[in-house]
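Just final.cif here, mmCIF, C-alpha atoms:
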```cif
data_coords
loop_
_atom_site.group_PDB
_atom_site.id
_atom_site.type_symbol
_atom_site.label_atom_id
_atom_site.label_comp_id
_atom_site.auth_asym_id
_atom_site.auth_seq_id
_atom_site.Cartn_x
_atom_site.Cartn_y
_atom_site.Cartn_z
ATOM 1 C CA ARG C 11 136.120 -216.605 57.379
ATOM 2 C CA MET C 12 138.354 -213.559 57.723
ATOM 3 C CA HIS C 13 141.191 -212.637 55.399
ATOM 4 C CA PRO C 14 144.515 -213.872 56.892
ATOM 5 C CA SER C 15 145.829 -210.371 57.586
ATOM 6 C CA LEU C 16 142.662 -209.391 59.444
ATOM 7 C CA TRP C 17 142.669 -212.574 61.499
ATOM 8 C CA CYS C 18 146.361 -212.235 62.425
ATOM 9 C CA PHE C 19 145.795 -208.669 63.581
ATOM 10 C CA ALA C 20 142.779 -209.582 65.681
ATOM 11 C CA SER C 21 144.499 -212.627 67.158
ATOM 12 C CA ARG C 22 147.489 -210.599 68.239
ATOM 13 C CA VAL C 23 145.256 -208.059 69.949
ATOM 14 C CA THR C 24 143.480 -210.840 71.809
ATOM 15 C CA THR C 25 146.724 -212.502 72.878
ATOM 16 C CA ALA C 26 148.142 -209.208 74.053
ATOM 17 C CA ALA C 27 145.025 -208.543 76.072
ATOM 18 C CA GLN C 28 145.120 -211.969 77.670
ATOM 19 C CA THR C 29 148.774 -211.572 78.696
ATOM 20 C CA ASN C 30 148.256 -207.998 79.886
ATOM 21 C CA HIS C 31 150.706 -206.658 77.287
ATOM 22 C CA LEU C 32 148.140 -204.578 75.458
ATOM 23 C CA PHE C 33 146.999 -202.686 78.560
ATOM 24 C CA PRO C 34 149.865 -202.877 81.078
ATOM 25 C CA HIS C 35 148.507 -200.060 83.234
ATOM 26 C CA PRO C 36 146.629 -201.568 86.220
ATOM 27 C CA SER C 37 143.718 -199.149 85.801
ATOM 28 C CA ILE C 38 142.870 -200.668 82.394
ATOM 29 C CA HIS C 39 141.821 -204.285 82.805
ATOM 30 C CA PRO C 40 142.505 -206.714 79.935
ATOM 31 C CA SER C 41 138.889 -207.846 80.132
ATOM 32 C CA LEU C 42 138.046 -204.630 78.270
ATOM 33 C CA ALA C 43 139.992 -205.885 75.259
ATOM 34 C CA MET C 44 138.241 -209.248 75.493
ATOM 35 C CA MET C 45 134.881 -207.523 75.679
ATOM 36 C CA LEU C 46 135.712 -205.505 72.542
ATOM 37 C CA TRP C 47 136.974 -208.636 70.785
ATOM 38 C CA ASN C 48 133.768 -210.541 71.639
ATOM 39 C CA ARG C 49 131.763 -207.575 70.404
ATOM 40 C CA TYR C 50 133.726 -207.634 67.168
ATOM 41 C CA LYS C 51 133.102 -211.365 66.704
ATOM 42 C CA SER C 52 129.403 -210.735 67.295
ATOM 43 C CA LEU C 53 129.417 -208.107 64.543
ATOM 44 C CA LEU C 54 131.190 -210.563 62.242
ATOM 45 C CA THR C 55 128.380 -213.031 62.821
ATOM 46 C CA ARG C 56 125.505 -210.572 62.428
ATOM 47 C CA HIS C 57 126.949 -208.251 59.772
ATOM 48 C CA PRO C 58 129.877 -210.098 58.165
ATOM 49 C CA LEU C 59 130.158 -208.099 54.945
ATOM 50 C CA ALA C 60 129.955 -204.650 56.522
ATOM 51 C CA THR C 61 132.268 -205.614 59.389
ATOM 52 C CA LYS C 62 134.940 -207.032 57.092
ATOM 53 C CA ALA C 63 134.681 -204.042 54.752
ATOM 54 C CA VAL C 64 135.197 -201.564 57.594
ATOM 55 C CA THR C 65 137.987 -203.693 59.069
ATOM 56 C CA ALA C 66 139.788 -203.860 55.732
ATOM 57 C CA SER C 67 139.410 -200.101 55.332
ATOM 58 C CA CYS C 68 140.899 -199.396 58.769
ATOM 59 C CA LEU C 69 143.777 -201.854 58.463
ATOM 60 C CA MET C 70 144.680 -200.701 54.960
ATOM 61 C CA SER C 71 144.633 -197.068 56.127
ATOM 62 C CA PHE C 72 146.996 -197.860 59.001
ATOM 63 C CA SER C 73 149.225 -199.826 56.627
ATOM 64 C CA ASP C 74 149.378 -196.927 54.185
ATOM 65 C CA ALA C 75 150.268 -194.534 57.004
ATOM 66 C CA GLY C 76 153.122 -196.842 57.976
ATOM 67 C CA CYS C 77 154.288 -197.139 54.368
ATOM 68 C CA GLN C 78 154.288 -193.381 53.954
ATOM 69 C CA ALA C 79 156.318 -192.966 57.153
ATOM 70 C CA VAL C 80 158.935 -195.385 55.790
ATOM 71 C CA GLU C 81 158.923 -193.620 52.416
ATOM 72 C CA ARG C 82 159.496 -190.233 54.080
ATOM 73 C CA ALA C 83 162.416 -191.620 56.073
ATOM 74 C CA MET C 84 163.952 -193.063 52.901
ATOM 75 C CA ASN C 85 163.402 -189.795 51.032
ATOM 76 C CA ARG C 86 165.076 -187.807 53.823
ATOM 77 C CA GLN C 87 168.092 -190.092 53.486
ATOM 78 C CA ILE C 88 168.136 -189.550 49.722
ATOM 79 C CA VAL C 89 167.976 -185.763 50.166
ATOM 80 C CA LEU C 90 170.855 -185.878 52.656
ATOM 81 C CA GLU C 91 172.950 -188.082 50.383
ATOM 82 C CA MET C 92 172.390 -185.856 47.348
ATOM 83 C CA GLY C 93 173.452 -182.810 49.329
ATOM 84 C CA PRO C 94 173.384 -179.253 48.005
ATOM 85 C CA SER C 95 173.350 -178.327 44.354
ATOM 86 C CA ILE C 96 176.454 -176.638 42.956
ATOM 87 C CA SER C 97 176.377 -174.210 40.060
ATOM 88 C CA LEU C 98 179.236 -172.430 38.323
ATOM 89 C CA GLN C 99 178.074 -168.843 38.547
ATOM 90 C CA GLY C 100 180.658 -166.512 37.031
ATOM 91 C CA GLY C 101 183.044 -169.427 36.721
ATOM 92 C CA CYS C 102 183.113 -170.024 40.494
ATOM 93 C CA PRO C 103 181.471 -172.999 42.273
ATOM 94 C CA THR C 104 178.443 -171.684 44.180
ATOM 95 C CA ASN C 105 176.213 -173.522 46.660
ATOM 96 C CA THR C 106 172.656 -173.037 45.424
ATOM 97 C CA GLY C 107 171.009 -174.993 48.249
ATOM 98 C CA SER C 108 169.095 -178.280 48.084
ATOM 99 C CA SER C 109 168.864 -180.240 44.854
ATOM 100 C CA PHE C 110 165.055 -180.078 45.326
ATOM 101 C CA SER C 111 162.804 -177.050 45.519
ATOM 102 C CA LYS C 112 161.482 -176.131 48.961
ATOM 103 C CA GLU C 113 158.025 -177.423 48.046
ATOM 104 C CA GLU C 114 159.391 -180.683 46.638
ATOM 105 C CA ASN C 115 161.615 -181.170 49.669
ATOM 106 C CA GLU C 116 158.620 -180.679 51.973
ATOM 107 C CA ARG C 117 156.497 -183.092 49.955
ATOM 108 C CA LEU C 118 159.170 -185.777 49.943
ATOM 109 C CA THR C 119 160.235 -185.620 53.573
ATOM 110 C CA SER C 120 157.469 -184.174 55.723
ATOM 111 C CA SER C 121 153.981 -184.234 54.225
ATOM 112 C CA HIS C 122 151.533 -187.083 54.694
ATOM 113 C CA ASP C 123 149.495 -187.705 51.558
ATOM 114 C CA TRP C 124 145.982 -187.781 53.035
ATOM 115 C CA VAL C 125 144.371 -188.123 49.605
ATOM 116 C CA ARG C 126 146.319 -191.340 49.056
ATOM 117 C CA THR C 127 145.278 -192.663 52.464
ATOM 118 C CA TRP C 128 141.658 -191.800 51.695
ATOM 119 C CA HIS C 129 141.881 -193.690 48.410
ATOM 120 C CA VAL C 130 143.367 -196.703 50.199
ATOM 121 C CA ALA C 131 140.641 -196.588 52.868
ATOM 122 C CA LEU C 132 137.915 -196.343 50.228
ATOM 123 C CA THR C 133 139.461 -199.248 48.321
ATOM 124 C CA GLY C 134 139.406 -201.411 51.441
ATOM 125 C CA LEU C 135 135.805 -200.471 52.156
ATOM 126 C CA THR C 136 134.403 -200.916 48.657
ATOM 127 C CA LEU C 137 136.707 -203.528 47.104
ATOM 128 C CA SER C 138 139.196 -205.495 49.223
ATOM 129 C CA GLY C 139 136.869 -206.235 52.132
ATOM 130 C CA PRO C 140 133.822 -207.217 50.065
ATOM 131 C CA ILE C 141 135.642 -209.370 47.502
ATOM 132 C CA SER C 142 137.607 -211.189 50.229
ATOM 133 C CA HIS C 143 134.336 -211.906 52.040
ATOM 134 C CA ALA C 144 132.712 -213.262 48.872
ATOM 135 C CA TRP C 145 135.756 -215.260 47.774
ATOM 136 C CA TYR C 146 136.440 -217.047 51.050
ATOM 137 C CA ALA C 147 132.761 -217.886 51.459
ATOM 138 C CA SER C 148 132.744 -219.368 47.943
ATOM 139 C CA LEU C 149 135.979 -221.222 48.587
ATOM 140 C CA GLU C 150 134.501 -222.850 51.675
ATOM 141 C CA ARG C 151 131.576 -224.125 49.612
ATOM 142 C CA ILE C 152 133.892 -225.481 46.911
ATOM 143 C CA ALA C 153 136.333 -227.185 49.287
ATOM 144 C CA PRO C 154 134.783 -227.352 52.775
ATOM 145 C CA GLN C 155 136.836 -228.134 55.847
ATOM 146 C CA GLY C 156 137.042 -231.878 56.376
ATOM 147 C CA MET C 157 137.204 -232.660 52.684
ATOM 148 C CA LYS C 158 140.281 -234.586 51.615
ATOM 149 C CA PHE C 159 142.996 -232.229 50.339
ATOM 150 C CA SER C 160 140.792 -229.259 51.247
ATOM 151 C CA ILE C 161 143.731 -227.019 52.201
ATOM 152 C CA VAL C 162 145.690 -227.890 49.047
ATOM 153 C CA ALA C 163 142.642 -227.216 46.864
ATOM 154 C CA LYS C 164 141.967 -223.873 48.531
ATOM 155 C CA MET C 165 145.593 -222.787 48.251
ATOM 156 C CA GLY C 166 145.687 -223.716 44.578
ATOM 157 C CA LEU C 167 142.441 -221.935 43.739
ATOM 158 C CA ASP C 168 143.422 -218.885 45.775
ATOM 159 C CA ALA C 169 146.790 -218.589 44.019
ATOM 160 C CA ALA C 170 145.522 -219.347 40.520
ATOM 161 C CA LEU C 171 142.230 -217.428 40.520
ATOM 162 C CA PHE C 172 141.848 -214.960 43.360
ATOM 163 C CA THR C 173 145.322 -213.433 43.629
ATOM 164 C CA PRO C 174 145.698 -212.301 39.972
ATOM 165 C CA VAL C 175 142.150 -210.930 39.849
ATOM 166 C CA ALA C 176 142.323 -209.219 43.254
ATOM 167 C CA VAL C 177 145.638 -207.539 42.451
ATOM 168 C CA ALA C 178 144.338 -206.318 39.087
ATOM 169 C CA ALA C 179 141.115 -205.058 40.642
ATOM 170 C CA TYR C 180 143.088 -203.185 43.308
ATOM 171 C CA PHE C 181 145.220 -201.398 40.720
ATOM 172 C CA VAL C 182 142.221 -200.589 38.539
ATOM 173 C CA TRP C 183 140.154 -199.176 41.394
ATOM 174 C CA ARG C 184 143.040 -197.162 42.858
ATOM 175 C CA THR C 185 143.849 -195.683 39.455
ATOM 176 C CA VAL C 186 140.196 -194.803 38.836
ATOM 177 C CA LEU C 187 140.039 -193.043 42.204
ATOM 178 C CA GLU C 188 143.138 -191.079 41.239
ATOM 179 C CA GLY C 189 141.299 -189.901 38.109
ATOM 180 C CA ARG C 190 143.831 -191.250 35.612
ATOM 181 C CA GLY C 191 141.361 -192.976 33.317
ATOM 182 C CA TYR C 192 141.868 -195.810 30.844
ATOM 183 C CA GLU C 193 145.464 -194.952 29.919
ATOM 184 C CA GLY C 194 146.425 -194.757 33.581
ATOM 185 C CA VAL C 195 144.852 -198.141 34.266
ATOM 186 C CA LYS C 196 146.583 -199.677 31.247
ATOM 187 C CA THR C 197 149.978 -198.304 32.293
ATOM 188 C CA LYS C 198 149.550 -199.407 35.905
ATOM 189 C CA LEU C 199 148.634 -202.951 34.923
ATOM 190 C CA GLU C 200 151.455 -203.212 32.380
ATOM 191 C CA THR C 201 154.130 -201.938 34.757
ATOM 192 C CA LYS C 202 153.074 -203.225 38.181
ATOM 193 C CA TRP C 203 150.568 -206.081 37.964
ATOM 194 C CA GLY C 204 153.012 -208.884 37.202
ATOM 195 C CA SER C 205 155.521 -208.031 39.934
ATOM 196 C CA ALA C 206 152.727 -207.467 42.460
ATOM 197 C CA VAL C 207 151.210 -210.899 41.733
ATOM 198 C CA LEU C 208 154.608 -212.562 42.135
ATOM 199 C CA ALA C 209 155.153 -210.710 45.424
ATOM 200 C CA SER C 210 151.740 -211.860 46.670
ATOM 201 C CA LEU C 211 152.459 -215.451 45.686
ATOM 202 C CA SER C 212 155.724 -215.354 47.624
ATOM 203 C CA PHE C 213 153.845 -214.646 50.874
ATOM 204 C CA TRP C 214 150.145 -215.539 50.887
ATOM 205 C CA PRO C 215 150.327 -219.286 50.163
ATOM 206 C CA ALA C 216 152.293 -219.795 53.389
ATOM 207 C CA ALA C 217 149.911 -217.527 55.307
ATOM 208 C CA ASN C 218 146.943 -219.410 53.874
ATOM 209 C CA VAL C 219 148.204 -222.687 55.292
ATOM 210 C CA VAL C 220 147.421 -221.214 58.730
ATOM 211 C CA ASN C 221 144.270 -219.506 57.511
ATOM 212 C CA PHE C 222 142.714 -222.560 55.882
ATOM 213 C CA GLY C 223 144.016 -225.028 58.444
ATOM 214 C CA PHE C 224 143.306 -223.302 61.749
ATOM 215 C CA VAL C 225 141.062 -220.256 61.352
ATOM 216 C CA PRO C 226 137.462 -221.190 62.147
ATOM 217 C CA VAL C 227 134.853 -220.764 59.453
#
```

Can I see the file as C-alpha coordinates?
Amino acid sequence: RMHPSLWCFASRVTTAAQTNHLFPHPSIHPSLAMMLWNRYKSLLTRHPLATKAVTASCLMSFSDAGCQAVERAMNRQIVLEMGPSISLQGGCPTNTGSSFSKEENERLTSSHDWVRTWHVALTGLTLSGPISHAWYASLERIAPQGMKFSIVAKMGLDAALFTPVAVAAYFVWRTVLEGRGYEGVKTKLETKWGSAVLASLSFWPAANVVNFGFVPV
(Lines of atoms letter the chains of each structure in order from A and count residues from 1; the text may use other names and numbers.)
(Lines give C-alpha, C1' and ligand atoms only; values in the text may rest on other atoms or scores of the structure.)
Protein backbone atom coordinates (compact mmCIF):
# COMPACT_ATOMS: atom_id res chain seq x y z
CA ARG A 1 0.00 0.00 0.00
CA MET A 2 1.19 3.51 -0.81
CA HIS A 3 0.93 6.50 1.48
CA PRO A 4 -2.20 8.54 0.57
CA SER A 5 -0.23 11.51 -0.75
CA LEU A 6 1.86 9.30 -3.03
CA TRP A 7 -1.19 7.47 -4.34
CA CYS A 8 -3.12 10.70 -5.01
CA PHE A 9 -0.18 12.11 -6.95
CA ALA A 10 0.23 8.98 -9.05
CA SER A 11 -3.50 8.69 -9.68
CA ARG A 12 -3.72 12.25 -10.93
CA VAL A 13 -0.84 11.67 -13.33
CA THR A 14 -2.56 8.58 -14.68
CA THR A 15 -5.90 10.34 -15.09
CA ALA A 16 -4.26 13.26 -16.83
CA ALA A 17 -2.49 10.91 -19.20
CA GLN A 18 -5.68 9.05 -20.00
CA THR A 19 -7.56 12.27 -20.78
CA ASN A 20 -4.66 13.72 -22.76
CA HIS A 21 -4.30 16.63 -20.32
CA LEU A 22 -0.82 15.70 -19.20
CA PHE A 23 0.63 15.62 -22.72
CA PRO A 24 -1.64 17.79 -24.89
CA HIS A 25 0.89 18.08 -27.71
CA PRO A 26 0.00 15.54 -30.45
CA SER A 27 3.63 14.43 -30.80
CA ILE A 28 3.63 13.07 -27.23
CA HIS A 29 1.17 10.20 -26.93
CA PRO A 30 -0.52 9.60 -23.56
CA SER A 31 0.46 5.94 -23.80
CA LEU A 32 3.95 7.08 -22.76
CA ALA A 33 2.56 8.18 -19.40
CA MET A 34 0.72 4.87 -19.04
CA MET A 35 3.89 2.98 -19.87
CA LEU A 36 5.79 4.93 -17.19
CA TRP A 37 2.97 4.38 -14.70
CA ASN A 38 2.96 0.61 -15.38
CA ARG A 39 6.73 0.60 -14.99
CA TYR A 40 6.35 2.38 -11.66
CA LYS A 41 3.77 -0.15 -10.45
CA SER A 42 6.14 -2.94 -11.47
CA LEU A 43 8.89 -1.36 -9.36
CA LEU A 44 6.46 -1.09 -6.45
CA THR A 45 5.84 -4.82 -6.71
CA ARG A 46 9.48 -5.87 -7.09
CA HIS A 47 11.18 -3.27 -4.89
CA PRO A 48 8.47 -1.74 -2.69
CA LEU A 49 10.67 -0.25 0.03
CA ALA A 50 13.22 1.37 -2.26
CA THR A 51 10.54 2.64 -4.65
CA LYS A 52 8.47 4.23 -1.89
CA ALA A 53 11.56 5.75 -0.28
CA VAL A 54 12.65 7.39 -3.54
CA THR A 55 9.08 8.49 -4.29
CA ALA A 56 8.73 10.08 -0.86
CA SER A 57 12.08 11.83 -1.31
CA CYS A 58 11.07 13.28 -4.69
CA LEU A 59 7.59 14.38 -3.62
CA MET A 60 8.83 15.93 -0.39
CA SER A 61 11.54 17.81 -2.31
CA PHE A 62 8.97 19.22 -4.74
CA SER A 63 6.71 20.14 -1.82
CA ASP A 64 9.53 21.96 -0.06
CA ALA A 65 10.36 23.87 -3.25
CA GLY A 66 6.73 24.96 -3.46
CA CYS A 67 6.67 25.95 0.21
CA GLN A 68 9.82 28.01 -0.20
CA ALA A 69 8.33 29.78 -3.23
CA VAL A 70 5.27 30.73 -1.17
CA GLU A 71 7.47 31.85 1.73
CA ARG A 72 9.53 34.08 -0.57
CA ALA A 73 6.38 35.68 -1.97
CA MET A 74 5.10 36.34 1.55
CA ASN A 75 8.47 37.75 2.62
CA ARG A 76 8.55 40.09 -0.39
CA GLN A 77 5.15 41.39 0.68
CA ILE A 78 6.41 41.91 4.23
CA VAL A 79 9.47 43.81 2.96
CA LEU A 80 7.26 46.04 0.80
CA GLU A 81 4.86 46.71 3.66
CA MET A 82 7.65 47.60 6.09
CA GLY A 83 9.10 50.05 3.59
CA PRO A 84 12.32 51.99 4.10
CA SER A 85 13.92 52.65 7.45
CA ILE A 86 13.93 56.24 8.70
CA SER A 87 16.60 57.63 10.99
CA LEU A 88 16.89 61.08 12.52
CA GLN A 89 20.38 62.05 11.43
CA GLY A 90 21.22 65.56 12.62
CA GLY A 91 17.64 65.99 13.75
CA CYS A 92 16.26 65.53 10.21
CA PRO A 93 14.33 62.45 8.99
CA THR A 94 16.60 60.53 6.60
CA ASN A 95 15.75 57.54 4.40
CA THR A 96 18.34 54.88 5.21
CA GLY A 97 17.01 52.30 2.75
CA SER A 98 15.41 48.92 3.46
CA SER A 99 14.67 47.82 7.01
CA PHE A 100 16.75 44.69 6.20
CA SER A 101 20.38 44.44 5.17
CA LYS A 102 21.06 43.66 1.51
CA GLU A 103 22.08 40.11 2.40
CA GLU A 104 19.02 39.55 4.59
CA ASN A 105 16.74 41.00 1.93
CA GLU A 106 18.23 38.64 -0.67
CA ARG A 107 17.88 35.65 1.64
CA LEU A 108 14.26 36.44 2.46
CA THR A 109 12.99 37.23 -1.02
CA SER A 110 15.17 35.59 -3.65
CA SER A 111 17.34 32.71 -2.47
CA HIS A 112 16.24 29.09 -2.51
CA ASP A 113 17.55 27.20 0.51
CA TRP A 114 19.05 24.14 -1.20
CA VAL A 115 20.41 22.78 2.07
CA ARG A 116 16.88 22.69 3.47
CA THR A 117 15.59 20.93 0.35
CA TRP A 118 18.42 18.40 0.61
CA HIS A 119 17.51 17.72 4.24
CA VAL A 120 13.86 17.24 3.27
CA ALA A 121 14.82 14.89 0.43
CA LEU A 122 17.09 12.87 2.72
CA THR A 123 14.33 12.68 5.33
CA GLY A 124 11.90 11.30 2.76
CA LEU A 125 14.44 8.76 1.56
CA THR A 126 15.63 7.52 4.95
CA LEU A 127 12.62 8.11 7.21
CA SER A 128 9.20 9.02 5.78
CA GLY A 129 9.19 6.52 2.92
CA PRO A 130 10.51 3.54 4.89
CA ILE A 131 8.36 4.02 8.00
CA SER A 132 5.21 4.55 5.91
CA HIS A 133 5.98 1.32 4.03
CA ALA A 134 6.47 -0.62 7.27
CA TRP A 135 3.46 0.91 9.02
CA TYR A 136 0.90 0.34 6.28
CA ALA A 137 2.11 -3.22 5.76
CA SER A 138 1.71 -3.86 9.50
CA LEU A 139 -1.68 -2.19 9.54
CA GLU A 140 -2.90 -4.46 6.77
CA ARG A 141 -1.89 -7.51 8.81
CA ILE A 142 -3.63 -6.17 11.92
CA ALA A 143 -6.87 -5.17 10.18
CA PRO A 144 -6.96 -6.73 6.70
CA GLN A 145 -9.39 -5.59 4.05
CA GLY A 146 -12.66 -7.47 4.36
CA MET A 147 -12.55 -7.58 8.13
CA LYS A 148 -15.53 -5.99 9.84
CA PHE A 149 -14.79 -2.37 10.80
CA SER A 150 -11.40 -2.65 9.09
CA ILE A 151 -11.38 0.98 7.92
CA VAL A 152 -12.43 2.31 11.34
CA ALA A 153 -9.75 0.23 13.06
CA LYS A 154 -7.05 1.39 10.66
CA MET A 155 -8.06 5.04 11.00
CA GLY A 156 -8.03 4.79 14.78
CA LEU A 157 -4.65 3.08 14.94
CA ASP A 158 -3.16 5.46 12.38
CA ALA A 159 -4.34 8.53 14.30
CA ALA A 160 -3.48 7.23 17.77
CA LEU A 161 -0.15 5.52 17.08
CA PHE A 162 1.42 6.39 13.75
CA THR A 163 0.72 10.12 13.45
CA PRO A 164 2.26 11.23 16.79
CA VAL A 165 5.32 9.01 16.32
CA ALA A 166 5.84 9.92 12.65
CA VAL A 167 5.60 13.65 13.34
CA ALA A 168 8.05 13.39 16.24
CA ALA A 169 10.46 11.29 14.19
CA TYR A 170 10.31 13.83 11.36
CA PHE A 171 11.20 16.72 13.66
CA VAL A 172 13.96 14.75 15.36
CA TRP A 173 15.58 13.65 12.11
CA ARG A 174 15.33 17.09 10.48
CA THR A 175 16.86 18.74 13.54
CA VAL A 176 19.68 16.19 13.65
CA LEU A 177 20.43 16.84 9.98
CA GLU A 178 20.57 20.55 10.75
CA GLY A 179 23.23 19.81 13.39
CA ARG A 180 21.33 21.32 16.32
CA GLY A 181 21.78 18.43 18.72
CA TYR A 182 19.77 17.44 21.78
CA GLU A 183 18.74 20.96 22.79
CA GLY A 184 17.55 21.69 19.27
CA VAL A 185 15.50 18.50 19.20
CA LYS A 186 14.00 19.27 22.62
CA THR A 187 13.05 22.81 21.58
CA LYS A 188 11.57 21.67 18.27
CA LEU A 189 9.41 19.03 19.92
CA GLU A 190 8.25 21.38 22.68
CA THR A 191 7.30 24.19 20.31
CA LYS A 192 6.05 22.44 17.18
CA TRP A 193 5.14 18.80 17.80
CA GLY A 194 1.72 19.36 19.35
CA SER A 195 0.44 21.79 16.71
CA ALA A 196 1.83 19.63 13.90
CA VAL A 197 0.03 16.53 15.23
CA LEU A 198 -3.24 18.45 15.48
CA ALA A 199 -2.78 19.75 11.92
CA SER A 200 -2.15 16.20 10.68
CA LEU A 201 -5.23 14.90 12.47
CA SER A 202 -7.35 17.60 10.83
CA PHE A 203 -6.50 16.24 7.36
CA TRP A 204 -5.23 12.66 7.24
CA PRO A 205 -8.20 10.81 8.77
CA ALA A 206 -10.41 12.02 5.91
CA ALA A 207 -7.72 11.16 3.35
CA ASN A 208 -7.32 7.72 4.91
CA VAL A 209 -10.98 6.93 4.34
CA VAL A 210 -10.14 6.90 0.62
CA ASN A 211 -6.78 5.25 1.17
CA PHE A 212 -8.05 2.37 3.29
CA GLY A 213 -11.33 1.99 1.44
CA PHE A 214 -10.30 2.17 -2.21
CA VAL A 215 -6.53 1.96 -2.67
CA PRO A 216 -5.52 -1.60 -3.53
CA VAL A 217 -3.16 -3.42 -1.22

Within 9 Å of (140.9, -197.3, 49.2) in the file's own coordinates, which protein, DNA or RNA residues have an atom, counting only C-alpha atoms? List them as a ChimeraX atom specification.
/C:67,70-71,126-138,180,183-184,187

Ground truth for the PyMOL selection byres ((chain C and resi 208-211) around 10), written as a list in words:
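What the PyMOL selection byres ((chain C and resi 208-211) around 10) grabs from the file is Asp168, Ala169, Ala170, Thr173, Pro174, Val177, Trp203, Gly204, Ser205, Ala206, Val207, Ser212, Phe213, Trp214, Pro215 and Ala216 of chain C.
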
Write a file of the selected residues as a PDB file, in the frame of the given file, keeping C-alpha atoms.
```pdb
ATOM      1  CA  ASP C 168     143.422-218.885  45.775  1.00  0.00           C
ATOM      2  CA  ALA C 169     146.790-218.589  44.019  1.00  0.00           C
ATOM      3  CA  ALA C 170     145.522-219.347  40.520  1.00  0.00           C
ATOM      4  CA  THR C 173     145.322-213.433  43.629  1.00  0.00           C
ATOM      5  CA  PRO C 174     145.698-212.301  39.972  1.00  0.00           C
ATOM      6  CA  VAL C 177     145.638-207.539  42.451  1.00  0.00           C
ATOM      7  CA  TRP C 203     150.568-206.081  37.964  1.00  0.00           C
ATOM      8  CA  GLY C 204     153.012-208.884  37.202  1.00  0.00           C
ATOM      9  CA  SER C 205     155.521-208.031  39.934  1.00  0.00           C
ATOM     10  CA  ALA C 206     152.727-207.467  42.460  1.00  0.00           C
ATOM     11  CA  VAL C 207     151.210-210.899  41.733  1.00  0.00           C
ATOM     12  CA  SER C 212     155.724-215.354  47.624  1.00  0.00           C
ATOM     13  CA  PHE C 213     153.845-214.646  50.874  1.00  0.00           C
ATOM     14  CA  TRP C 214     150.145-215.539  50.887  1.00  0.00           C
ATOM     15  CA  PRO C 215     150.327-219.286  50.163  1.00  0.00           C
ATOM     16  CA  ALA C 216     152.293-219.795  53.389  1.00  0.00           C
TER      17      ALA C 216
END
```

From atom CA of Ala60 of chain C to atom CA of Ala79 of chain C the spacing works out at 28.8 Å

Padding 3 Å on each side, edges along x, y and z: where is the centre of the box around the listed atoms of segment 160-169 of chain C, and how long are its edges in Å to one decimal? Output it as JSON.
```
{"center_x": 143.8, "center_y": -223.9, "center_z": 48.0, "size_x": 12.0, "size_y": 16.7, "size_z": 14.5}
```

Would you translate the PyMOL selection byres ((chain C and resi 185) around 10) into the concrete set of residues it matches in this file, as a list in words?
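Applied to this file, the PyMOL selection byres ((chain C and resi 185) around 10) returns His129, Ala179, Tyr180, Phe181, Val182, Trp183, Arg184, Val186, Leu187, Glu188, Gly189, Arg190, Gly191, Tyr192, Glu193, Gly194, Val195, Lys196, Thr197, Lys198 and Leu199 of chain C.
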
Quote the spacing between atom CA of Gly166 of chain C and atom CA of Phe72 of chain C in Å to one decimal place.
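Result for atom CA of Gly166 of chain C versus atom CA of Phe72 of chain C: 29.6 Å, one decimal.
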